[in-house]
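Content type mmCIF, C-alpha atoms, from the file query13.cif:
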```
data_query
#
loop_
_atom_site.label_atom_id
_atom_site.label_comp_id
_atom_site.auth_asym_id
_atom_site.auth_seq_id
_atom_site.Cartn_x
_atom_site.Cartn_y
_atom_site.Cartn_z
CA MET F 1 -17.31 1.43 -30.14
CA THR F 2 -16.08 -2.00 -29.17
CA GLN F 3 -13.87 -2.59 -26.17
CA ASP F 4 -10.78 -2.87 -28.34
CA GLU F 5 -11.01 0.33 -30.36
CA HIS F 6 -8.88 3.16 -29.13
CA ARG F 7 -7.33 6.28 -30.51
CA PHE F 8 -3.94 6.40 -28.79
CA GLN F 9 -1.00 4.02 -28.46
CA ASN F 10 1.74 3.53 -25.90
CA GLY F 11 4.29 6.32 -26.28
CA ASP F 12 1.84 8.86 -27.75
CA GLN F 13 2.06 12.42 -26.47
CA VAL F 14 -1.34 13.64 -25.36
CA ARG F 15 -2.86 16.66 -23.69
CA VAL F 16 -5.64 16.53 -21.14
CA ARG F 17 -8.59 18.71 -22.13
CA ILE F 18 -9.32 21.67 -19.90
CA ALA F 19 -13.00 20.90 -20.03
CA CYS F 20 -14.94 17.99 -21.41
CA PRO F 21 -18.62 18.91 -21.82
CA GLY F 22 -20.76 15.92 -21.05
CA GLY F 23 -17.67 13.96 -20.16
CA ASN F 24 -17.25 11.88 -17.08
CA PRO F 25 -16.00 13.85 -14.10
CA ARG F 26 -13.09 11.74 -12.99
CA THR F 27 -10.14 13.69 -14.24
CA PRO F 28 -8.49 15.58 -11.37
CA ASP F 29 -8.28 19.36 -11.80
CA TYR F 30 -4.49 19.53 -11.52
CA LEU F 31 -4.07 17.48 -14.71
CA ARG F 32 -6.35 19.55 -16.92
CA GLY F 33 -4.59 21.29 -19.80
CA LYS F 34 -1.35 19.38 -19.09
CA SER F 35 0.56 17.19 -21.50
CA GLY F 36 1.80 13.68 -20.84
CA LEU F 37 2.80 10.35 -22.32
CA ILE F 38 0.61 7.25 -22.72
CA THR F 39 2.29 4.39 -20.86
CA ALA F 40 -0.46 1.73 -20.67
CA LEU F 41 -3.75 0.83 -22.36
CA ARG F 42 -6.36 -0.15 -19.79
CA GLY F 43 -9.41 -0.75 -21.98
CA VAL F 44 -13.05 -0.20 -21.15
CA ILE F 45 -13.42 -1.20 -17.53
CA ASP F 46 -16.58 -2.89 -16.37
CA ASN F 47 -16.80 -1.92 -12.72
CA PRO F 48 -20.45 -2.04 -11.69
CA ARG F 49 -19.76 -1.57 -8.00
CA ASP F 50 -18.22 1.80 -8.71
CA HIS F 51 -20.22 3.14 -11.64
CA ARG F 52 -23.34 2.02 -13.42
CA ASP F 53 -22.46 3.37 -16.85
CA ALA F 54 -19.54 2.23 -18.93
CA TYR F 55 -16.86 4.88 -19.23
CA PRO F 56 -14.69 5.28 -22.35
CA PHE F 57 -11.39 3.54 -23.02
CA MET F 58 -8.87 4.23 -20.26
CA TYR F 59 -5.14 4.92 -20.44
CA THR F 60 -2.35 5.33 -17.93
CA VAL F 61 -0.65 8.66 -18.61
CA GLU F 62 2.72 9.81 -17.28
CA PHE F 63 3.23 13.48 -16.37
CA GLY F 64 6.31 15.33 -15.17
CA VAL F 65 5.85 17.06 -11.81
CA ALA F 66 7.63 20.06 -13.42
CA GLU F 67 5.04 20.11 -16.27
CA LEU F 68 2.21 20.04 -13.73
CA PHE F 69 3.45 22.50 -11.14
CA GLY F 70 6.60 24.14 -12.54
CA GLY F 71 9.98 23.90 -10.89
CA SER F 72 12.84 21.59 -11.75
CA SER F 73 11.67 18.28 -10.28
CA THR F 74 12.34 15.23 -12.43
CA ASP F 75 9.77 13.15 -10.53
CA LYS F 76 6.66 11.77 -12.20
CA VAL F 77 2.93 11.42 -11.64
CA PHE F 78 0.94 8.60 -13.27
CA ALA F 79 -2.82 8.80 -13.61
CA GLU F 80 -5.58 6.88 -15.38
CA ILE F 81 -7.57 9.01 -17.82
CA HIS F 82 -10.47 8.23 -20.14
CA GLU F 83 -10.13 8.81 -23.88
CA GLU F 84 -12.74 11.57 -24.10
CA TRP F 85 -10.49 13.72 -21.92
CA LEU F 86 -7.42 13.34 -24.15
CA GLU F 87 -6.33 15.01 -27.37
CA PRO F 88 -3.16 14.57 -29.45
CA PHE F 89 -0.25 16.82 -28.59
CA GLY F 90 2.93 17.70 -30.50
CA ASP F 91 3.67 16.02 -33.81
CA MET C 1 -6.93 10.55 13.41
CA THR C 2 -6.50 14.21 13.72
CA GLN C 3 -2.88 15.23 13.93
CA VAL C 4 -1.40 15.53 10.52
CA PRO C 5 1.96 17.21 10.64
CA VAL C 6 2.09 16.95 14.41
CA HIS C 7 3.12 13.68 15.98
CA VAL C 8 1.29 12.47 19.06
CA ASP C 9 3.53 13.45 21.92
CA SER C 10 3.06 12.84 25.59
CA HIS C 11 2.60 16.57 25.86
CA MET C 12 0.85 18.63 23.28
CA LYS C 13 3.18 21.29 21.95
CA ASP C 14 0.99 23.19 19.57
CA PHE C 15 -2.58 23.64 20.77
CA GLU C 16 -3.50 25.71 17.73
CA ALA C 17 -2.40 22.99 15.28
CA HIS C 18 -4.33 20.32 17.19
CA LEU C 19 -7.47 22.42 17.35
CA LYS C 20 -7.24 23.32 13.67
CA ALA C 21 -6.84 19.67 12.73
CA VAL C 22 -9.95 18.71 14.72
CA GLU C 23 -11.91 21.52 13.06
CA ALA C 24 -10.80 20.50 9.57
CA ASP C 25 -11.43 16.80 10.12
CA PHE C 26 -14.80 17.36 11.72
CA GLU C 27 -15.98 19.47 8.80
CA TYR C 28 -14.61 16.94 6.32
CA TYR C 29 -16.45 14.00 7.85
CA ARG C 30 -19.63 16.00 8.36
CA ALA C 31 -19.78 17.54 4.88
CA LYS C 32 -18.22 14.73 2.84
CA ARG C 33 -19.35 11.55 4.61
CA LEU C 34 -22.25 11.81 7.00
CA GLU C 35 -24.56 14.46 5.58
CA PRO C 36 -24.20 13.40 1.90
CA ARG C 37 -25.14 9.87 3.01
CA VAL C 38 -28.28 11.15 4.73
CA LEU C 39 -29.19 13.17 1.61
CA TYR C 40 -28.51 10.18 -0.60
CA TYR C 41 -30.86 7.99 1.42
CA ILE C 42 -33.55 10.68 1.29
CA ARG C 43 -33.22 11.25 -2.47
CA ARG C 44 -33.37 7.56 -3.33
CA GLY C 45 -36.21 6.90 -0.91
CA SER C 46 -34.14 4.47 1.15
CA VAL C 47 -34.78 6.54 4.26
CA PRO C 48 -37.49 9.09 3.45
CA LEU C 49 -37.28 12.44 5.22
CA TYR C 50 -40.44 11.65 7.18
CA ASP C 51 -38.96 8.39 8.47
CA LEU C 52 -35.87 10.26 9.55
CA LEU C 53 -37.86 12.89 11.43
CA LYS C 54 -40.06 10.21 12.96
CA ALA C 55 -36.92 8.56 14.33
CA VAL C 56 -36.11 11.57 16.47
CA PRO C 57 -36.59 10.48 20.08
CA GLY C 58 -39.88 11.89 21.38
CA ALA C 59 -41.27 12.56 17.91
CA GLU C 60 -43.56 9.50 17.73
CA ASP C 61 -46.09 10.83 20.22
CA GLY C 62 -46.35 14.25 18.64
CA SER C 63 -44.66 16.06 21.46
CA PRO C 64 -42.44 18.99 20.56
CA VAL C 65 -39.16 17.78 19.20
CA ALA C 66 -36.39 18.82 21.50
CA ARG C 67 -32.83 17.80 21.05
CA VAL C 68 -32.23 14.85 23.29
CA GLU C 69 -28.73 14.56 24.58
CA ASN C 70 -29.07 11.68 26.97
CA GLU C 71 -27.92 9.26 24.28
CA VAL C 72 -24.70 11.17 24.06
CA GLU C 73 -22.23 10.88 26.89
CA PRO C 74 -22.22 13.99 29.01
CA HIS C 75 -19.11 16.09 28.64
CA ASP C 76 -17.83 18.62 31.04
CA HIS C 77 -17.16 21.46 28.65
CA VAL C 78 -15.94 23.96 31.16
CA HIS C 79 -13.53 22.74 33.79
CA ASP C 80 -10.88 20.75 31.94
CA GLU C 81 -7.47 22.21 31.39
CA LEU C 82 -6.85 23.31 27.80
CA GLU C 83 -4.73 20.34 26.84
CA GLN C 84 -7.21 17.90 28.34
CA ARG C 85 -10.09 19.62 26.60
CA ILE C 86 -8.40 19.37 23.21
CA ARG C 87 -7.60 15.71 23.83
CA THR C 88 -11.24 15.14 24.68
CA LEU C 89 -12.21 16.78 21.39
CA GLU C 90 -9.84 14.46 19.54
CA ASP C 91 -11.32 11.41 21.25
CA ARG C 92 -14.83 12.59 20.48
CA LEU C 93 -13.88 13.16 16.83
CA ASP C 94 -12.57 9.58 16.63
CA GLU C 95 -15.85 8.33 18.03
CA TYR C 96 -17.74 10.48 15.51
CA VAL C 97 -15.75 9.04 12.60
CA ARG C 98 -16.16 5.46 13.83
CA SER C 99 -19.89 5.98 14.29
CA ILE C 100 -20.28 7.36 10.78
CA ALA C 101 -18.52 4.29 9.40
CA ALA C 102 -20.75 1.94 11.38
CA THR C 103 -24.07 3.63 10.60
CA THR C 104 -24.78 2.65 7.01
CA ALA C 105 -27.58 0.63 5.48
CA ASP C 106 -26.97 -3.06 4.89
CA PRO C 107 -25.51 -3.19 1.35
CA GLY C 108 -28.14 -5.80 0.52
CA THR C 109 -30.96 -3.31 1.12
CA VAL C 110 -29.65 -0.18 -0.59
CA ASP C 111 -27.73 -0.21 -3.85
CA VAL C 112 -25.01 2.43 -3.66
CA VAL C 113 -22.09 2.63 -6.06
CA ILE C 114 -19.04 4.73 -5.32
CA ASP C 115 -19.80 7.12 -8.17
CA ASP C 116 -23.14 7.96 -6.53
CA THR C 117 -21.64 8.98 -3.21
CA ARG C 118 -19.09 11.15 -4.97
CA LYS C 119 -21.80 12.92 -6.91
CA GLU C 120 -23.75 13.40 -3.70
CA SER C 121 -20.85 14.89 -1.77
CA GLY C 122 -19.91 17.24 -4.61
CA THR C 123 -16.62 15.60 -5.56
CA TYR C 124 -17.51 16.13 -9.21
CA ASP C 125 -19.60 19.26 -9.00
CA ALA C 126 -19.06 22.07 -6.50
CA PHE C 127 -22.76 22.95 -6.71
CA PHE C 128 -23.56 19.87 -4.63
CA ARG C 129 -21.00 20.49 -1.92
CA ILE C 130 -22.34 20.98 1.56
CA ALA C 131 -21.21 24.35 2.85
CA LYS C 132 -18.40 24.11 5.35
CA ARG C 133 -18.57 26.18 8.49
CA THR C 134 -15.90 28.46 9.79
CA HIS C 135 -14.46 28.36 13.27
CA GLU C 136 -13.49 31.73 14.64
CA GLY C 137 -12.96 33.46 17.91
CA SER C 138 -10.84 32.63 20.91
CA MET C 139 -9.57 29.11 21.52
CA GLU C 140 -12.16 28.85 24.29
CA GLN C 141 -14.99 29.76 21.90
CA ARG C 142 -13.76 27.40 19.21
CA ILE C 143 -13.55 24.50 21.64
CA ASN C 144 -17.07 25.20 22.83
CA GLN C 145 -18.30 25.42 19.26
CA LEU C 146 -16.69 22.08 18.36
CA ASN C 147 -18.19 20.40 21.40
CA ARG C 148 -21.62 21.69 20.40
CA GLU C 149 -21.13 20.56 16.82
CA LEU C 150 -19.97 17.13 17.93
CA ASP C 151 -23.10 16.85 20.11
CA GLU C 152 -25.17 17.75 17.06
CA GLY C 153 -23.26 15.37 14.81
CA MET C 154 -23.70 12.45 17.20
CA PHE C 155 -27.38 13.31 17.39
CA VAL C 156 -27.72 13.15 13.58
CA ILE C 157 -25.96 9.77 13.57
CA ASP C 158 -28.23 8.53 16.35
CA VAL C 159 -31.38 9.55 14.45
CA LEU C 160 -30.07 7.97 11.25
CA ARG C 161 -29.32 4.77 13.17
CA ARG C 162 -32.84 4.68 14.60
CA ALA C 163 -34.40 5.28 11.18
CA LEU C 164 -32.29 2.56 9.54
CA MET C 165 -33.14 0.09 12.28
CA ALA C 166 -36.85 0.94 12.24
CA SER C 167 -37.02 0.06 8.55
CA GLY C 168 -34.90 -3.07 8.86
CA LYS C 169 -31.98 -1.68 6.85
CA LEU C 170 -29.59 -2.10 9.74
CA THR C 171 -29.75 -4.66 12.53
CA GLN C 172 -28.33 -4.52 16.03
CA GLU C 173 -26.11 -7.51 15.18
CA GLN C 174 -24.64 -5.77 12.14
CA LEU C 175 -23.98 -2.65 14.13
CA GLU C 176 -22.28 -4.56 16.93
CA LEU C 177 -20.21 -6.56 14.48
CA ARG C 178 -19.01 -3.40 12.74
CA ARG C 179 -18.15 -1.79 16.03
CA ALA C 180 -16.33 -4.89 17.27
CA ASN C 181 -14.29 -5.04 14.09
CA GLY C 182 -13.59 -1.34 14.24
CA THR C 183 -13.37 0.65 11.05
CA PHE C 184 -9.90 -0.60 10.33
CA ALA C 185 -10.81 -4.22 9.93
CA GLY C 186 -10.45 -5.76 6.54
CA PRO C 187 -8.56 -8.30 4.60
CA TRP C 188 -4.78 -8.07 4.63
CA ASN C 189 -3.15 -9.96 1.81
CA GLY C 190 -0.26 -7.53 1.35
CA GLY C 191 2.26 -9.74 3.14
CA ARG C 192 1.43 -12.85 1.13
CA ILE C 193 1.38 -11.03 -2.20
CA VAL C 194 4.69 -9.25 -1.67
CA ALA C 195 6.46 -12.26 -0.14
CA ARG C 196 5.46 -14.47 -3.10
CA ALA C 197 6.71 -11.84 -5.52
CA TRP C 198 10.05 -11.72 -3.67
CA VAL C 199 10.63 -15.48 -3.93
CA ASP C 200 8.98 -16.30 -7.28
CA PRO C 201 10.12 -14.29 -10.32
CA GLU C 202 7.40 -15.73 -12.56
CA PHE C 203 4.69 -14.72 -10.12
CA LYS C 204 6.26 -11.26 -9.88
CA GLU C 205 6.16 -10.83 -13.66
CA ALA C 206 2.53 -11.92 -13.75
CA LEU C 207 1.67 -9.62 -10.84
CA LEU C 208 3.26 -6.59 -12.52
CA SER C 209 1.69 -7.26 -15.90
CA GLU C 210 -1.67 -8.82 -15.02
CA GLY C 211 -2.38 -7.56 -11.50
CA ARG C 212 -5.39 -9.25 -10.04
CA LEU C 213 -5.31 -12.28 -12.34
CA ALA C 214 -1.97 -13.32 -10.87
CA LEU C 215 -3.50 -13.51 -7.40
CA ARG C 216 -5.35 -16.70 -8.28
CA ASP C 217 -2.03 -18.41 -7.55
CA LEU C 218 -2.48 -17.36 -3.93
CA ASP C 219 -6.12 -18.50 -3.80
CA ILE C 220 -7.23 -14.92 -3.43
CA PRO C 221 -10.64 -14.55 -5.08
CA PRO C 222 -10.97 -11.88 -7.76
CA GLY C 223 -13.49 -10.09 -5.57
CA ARG C 224 -16.69 -8.38 -6.53
CA SER C 225 -14.90 -5.23 -7.56
CA GLY C 226 -14.28 -4.87 -11.27
CA SER C 227 -11.30 -2.66 -10.70
CA ILE C 228 -7.85 -3.35 -12.08
CA LEU C 229 -4.94 -3.80 -9.68
CA GLY C 230 -1.87 -1.82 -10.68
CA VAL C 231 1.41 -2.86 -9.06
CA ALA C 232 4.40 -0.50 -9.08
CA GLU C 233 7.74 -2.10 -8.31
CA ASN C 234 10.32 -0.27 -6.20
CA THR C 235 13.86 -0.73 -7.48
CA SER C 236 17.29 0.78 -6.88
CA ALA C 237 16.34 3.45 -9.45
CA VAL C 238 12.66 4.12 -8.68
CA HIS C 239 10.61 4.79 -5.54
CA ASN C 240 6.84 4.55 -6.02
CA ILE C 241 4.08 6.00 -3.86
CA VAL C 242 0.30 5.75 -4.15
CA VAL C 243 -2.40 8.36 -3.58
CA CYS C 244 -5.98 9.04 -4.60
CA THR C 245 -6.27 12.79 -5.09
CA LEU C 246 -10.01 12.72 -5.84
CA CYS C 247 -11.06 10.71 -2.80
CA SER C 248 -9.65 7.55 -1.26
CA CYS C 249 -9.52 4.78 -3.88
CA TYR C 250 -7.43 1.86 -2.67
CA PRO C 251 -7.51 -1.93 -3.19
CA TYR C 252 -9.53 -2.39 0.01
CA ASP C 253 -10.61 -5.92 -0.81
CA LEU C 254 -6.95 -7.01 -0.94
CA LEU C 255 -5.22 -4.77 1.56
CA GLY C 256 -7.94 -3.75 4.02
CA GLU C 257 -8.01 -0.18 5.22
CA PRO C 258 -5.09 2.10 4.41
CA PRO C 259 -3.44 4.08 7.22
CA TRP C 260 -5.54 7.05 8.36
CA TRP C 261 -3.39 9.67 6.64
CA TYR C 262 -4.10 8.17 3.20
CA LYS C 263 -7.48 9.89 3.12
CA HIS C 264 -6.28 13.15 4.55
CA GLU C 265 -6.51 16.25 2.37
CA ILE C 266 -3.02 17.39 3.27
CA TYR C 267 -1.43 14.18 2.02
CA ARG C 268 -3.60 14.11 -1.10
CA GLU C 269 -2.79 17.67 -2.06
CA ARG C 270 0.91 17.68 -1.25
CA ILE C 271 2.12 14.37 -2.60
CA VAL C 272 1.57 15.25 -6.28
CA ARG C 273 3.01 18.77 -5.93
CA ASP C 274 6.14 17.81 -4.10
CA PRO C 275 6.53 14.03 -3.93
CA ARG C 276 10.05 13.95 -2.54
CA GLY C 277 9.51 16.68 0.06
CA THR C 278 6.21 15.18 1.22
CA ILE C 279 7.75 11.73 1.65
CA ARG C 280 10.56 13.31 3.66
CA ASP C 281 8.36 15.55 5.82
CA MET C 282 5.46 13.20 6.47
CA PHE C 283 7.21 9.82 6.58
CA ASP C 284 10.75 10.69 7.55
CA LEU C 285 12.01 8.92 4.45
CA ASN C 286 14.81 10.42 2.37
CA VAL C 287 14.75 9.20 -1.21
CA PRO C 288 18.28 9.54 -2.67
CA ASP C 289 18.68 12.18 -5.40
CA ASP C 290 19.53 9.58 -8.03
CA LYS C 291 16.26 7.73 -7.46
CA GLU C 292 13.18 8.83 -9.38
CA VAL C 293 9.96 9.23 -7.40
CA ARG C 294 6.77 8.12 -9.16
CA VAL C 295 3.38 9.01 -7.75
CA TYR C 296 0.42 6.85 -8.81
CA ASP C 297 -2.89 8.69 -8.59
CA SER C 298 -5.47 5.92 -8.18
CA THR C 299 -9.00 5.89 -9.48
CA SER C 300 -11.77 3.46 -8.68
CA ASP C 301 -11.07 1.62 -11.93
CA VAL C 302 -7.32 1.21 -11.47
CA ARG C 303 -6.16 0.86 -7.86
CA TRP C 304 -2.46 0.78 -7.12
CA MET C 305 -0.17 -0.92 -4.64
CA VAL C 306 3.60 -0.75 -4.32
CA LEU C 307 5.86 -3.78 -4.40
CA PRO C 308 8.59 -2.79 -1.93
CA GLU C 309 12.21 -3.90 -2.30
CA ARG C 310 13.20 -7.11 -0.53
CA PRO C 311 15.32 -6.24 2.51
CA ASP C 312 18.94 -7.39 2.63
CA GLY C 313 19.78 -10.23 4.96
CA THR C 314 16.66 -12.27 4.20
CA GLU C 315 18.24 -14.88 1.94
CA GLY C 316 16.71 -18.28 2.52
CA TRP C 317 13.72 -16.94 4.45
CA THR C 318 10.35 -18.62 3.99
CA GLU C 319 7.39 -16.78 2.50
CA GLU C 320 5.75 -16.76 5.92
CA GLN C 321 8.78 -15.09 7.48
CA LEU C 322 9.08 -12.58 4.65
CA ALA C 323 5.39 -11.70 4.85
CA GLN C 324 5.96 -10.43 8.39
CA LEU C 325 8.24 -7.69 7.03
CA VAL C 326 5.50 -6.19 4.84
CA THR C 327 3.61 -3.29 6.44
CA ARG C 328 0.61 -1.27 5.29
CA GLU C 329 2.89 1.73 4.87
CA SER C 330 5.30 -0.24 2.69
CA VAL C 331 2.66 -1.27 0.13
CA ILE C 332 1.70 2.39 -0.32
CA GLY C 333 5.30 3.53 -0.61
CA ALA C 334 5.46 5.54 2.61
CA ALA C 335 8.13 3.26 4.07
CA PRO C 336 10.44 0.42 3.01
CA ALA C 337 9.65 -3.10 4.18
CA LEU C 338 10.90 -3.82 7.70
CA GLN C 339 14.50 -4.89 8.12
CA PRO C 340 15.15 -8.30 9.72
CA GLY C 341 14.74 -7.86 13.46
CA GLN C 342 13.20 -4.40 13.15
CA PRO C 343 10.22 -4.04 15.46
CA VAL C 344 6.90 -3.00 13.99
CA ALA C 345 6.52 0.74 14.55
#
```
Structure re-expressed in structure tokens:
Amino acid sequence: MTQDEHRFQNGDQVRVRIACPGGNPRTPDYLRGKSGLITALRGVIDNPRDHRDAYPFMYTVEFGVAELFGGSSTDKVFAEIHEEWLEPFGD
Amino acid sequence: MTQVPVHVDSHMKDFEAHLKAVEADFEYYRAKRLEPRVLYYIRRGSVPLYDLLKAVPGAEDGSPVARVENEVEPHDHVHDELEQRIRTLEDRLDEYVRSIAATTADPGTVDVVIDDTRKESGTYDAFFRIAKRTHEGSMEQRINQLNRELDEGMFVIDVLRRALMASGKLTQEQLELRRANGTFAGPWNGGRIVARAWVDPEFKEALLSEGRLALRDLDIPPGRSGSILGVAENTSAVHNIVVCTLCSCYPYDLLGEPPWWYKHEIYRERIVRDPRGTIRDMFDLNVPDDKEVRVYDSTSDVRWMVLPERPDGTEGWTEEQLAQLVTRESVIGAAPALQPGQPVA
């Protein structure tokens, strides 16, 4: 896969996988199984001081605090997630 | 370092909370920082186990290895009043944390990437976590236990230091330099970055859309880190705040060390669950109901900072003057920028 190829676009609804066998371990537990909205495309990030291997294409995803933890909050959490952890959600 | 919900008062009001905080912090730094580092050095052969054992004082000549405490300042564990004894524990914990930060191999001699240390400390896989100890019994017993554990912890650091120095992976000069700078030293470009964004709309646009690339305008080098800088702008409708729930990712090369609470488990757990309430309880900041709170959970690939709102009454100020209003708290979103004439807290 080249650096430019990616599955999702800004505005896509996605769901974070609950588990990602063989996937990189950087997705925080509290986001797993939750749905959110792609708000930025970050690309494949070459960051050799932090990790030796290239990780898949990265997105910024917006989540509602209410979706994550219940309740009526309208506040938001934004997190960066790699493509292998995401699947399409909704229509 | 140690008091999370409790402010440092002239008199300690809640002994239990202070003691609990020391216990939790000590275990965190032991099991997540110091001991994983020792294991990492052993596994990669940077400091083989034999070299580590050989560095124990008295071990070279084959005599029985007894724990040597003369390197550690003697502490009177018995006679202090309770409050004084807990304060002593807090001071000793600070020293422990500073010593851990100072006692690492020269980066030129051991190649460690952040991902490696997270694997080693079990951030990604609970199997690798170092078991945490419990602290039970009377307050007296728990204080004694912590003093013993701090003795032991300082001893481990001392042996690691000796082993690193014996193999040339740490020099006396490096150690002294790190100690002189403290663990909170680091670059601070937050004031310049924010002040430029306040006075120059084009720079602000570039900063928000391109992050790090825009900083070339300020002669700030891109740095060795390959990470992206995300910048979240506070407005009349949105209040942003930054966290790293997995560990402590932060744009260190631009902003130096974050405030101590940034790495604390309580902040990291609470801020995503209840952003508004956490900001109110921990930072005494009431975000109006009609303002949305946005939490940015950083990773090592995308590290976030907040662009605070420009304070009223600063029309016509120079960039240098404006930069003085920008605090470490304000670029994380825990406080607004200082008001004109407001003293630094």
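Coordinates place atom CA of Ala335 of chain C at a distance of 6.9 Å from atom CA of Leu285 of chain C.
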Let me make sure I understand: among F:Thr39, F:Asp53, F:Pro28, F:Lys34, which one has the smallest atom-to-atom distance to chain C if we use only C-alpha atoms?
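Smallest separation from chain C among the options: F:Pro28.
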Which residues fall under the PyMOL selection byres ((chain F) within 12 of (chain C)) in this file, as number ranges by chain?
F: 23-31, 40-82
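Here the PyMOL selection byres ((chain C and resi 121) around 8) captures the residues Ala31, Lys32, Arg33, Pro36, Thr117, Arg118, Lys119, Glu120, Gly122, Thr123, Phe128, Arg129 and Ile130 of chain C.
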Separation of atom CA of Pro343 of chain C and atom CA of Tyr252 of chain C, in Å?
25.1 Å
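One distance worth recording is that between atom CA of Ala237 of chain C and atom CA of Asp290 of chain C, which is 7.1 Å.
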For Glu87 of chain F, which of F:Asp4, F:Val14, F:Pro21, F:Gly33 is the closest residue, counting all atoms listed in the file?
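Between F:Asp4, F:Val14, F:Pro21, F:Gly33, the residue approaching Glu87 of chain F most closely is F:Val14.
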List as a ChimeraX atom specification: which residues have an atom within 10 Å of (-36.6, 2.3, 4.2), counting only C-alpha atoms?
/C:41-42,44-48,51-52,105,109-110,163-170
Just want the 9 Å neighbourhood of Gln324 of chain C, counted on all atoms listed in the file, with same-chain residues fewer than 4 positions away dropped. Output as a PyMOL selection string.
chain C and resi 191-192+195+319-320+338
May I ask which of the residues F:Glu83, F:Asn10, F:Cys20, F:Phe89 is the closest one to Ser35 of chain F, counting all atoms listed in the file?
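Using all atoms listed in the file, Ser35 of chain F sits closest to F:Phe89.
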Quick check on the file I pasted: which residues fall under the PyMOL selection byres ((chain C and resi 159) around 9)? Write them as a list of chain:residue names.
C:Leu52, C:Leu53, C:Lys54, C:Ala55, C:Val56, C:Pro57, C:Met154, C:Phe155, C:Val156, C:Ile157, C:Asp158, C:Leu160, C:Arg161, C:Arg162, C:Ala163, C:Leu164
Could you check which of C:Ala17, C:Leu93, C:Leu208, C:Ala24 is closest to His264 of chain C, using only C-alpha atoms?
C:Ala24
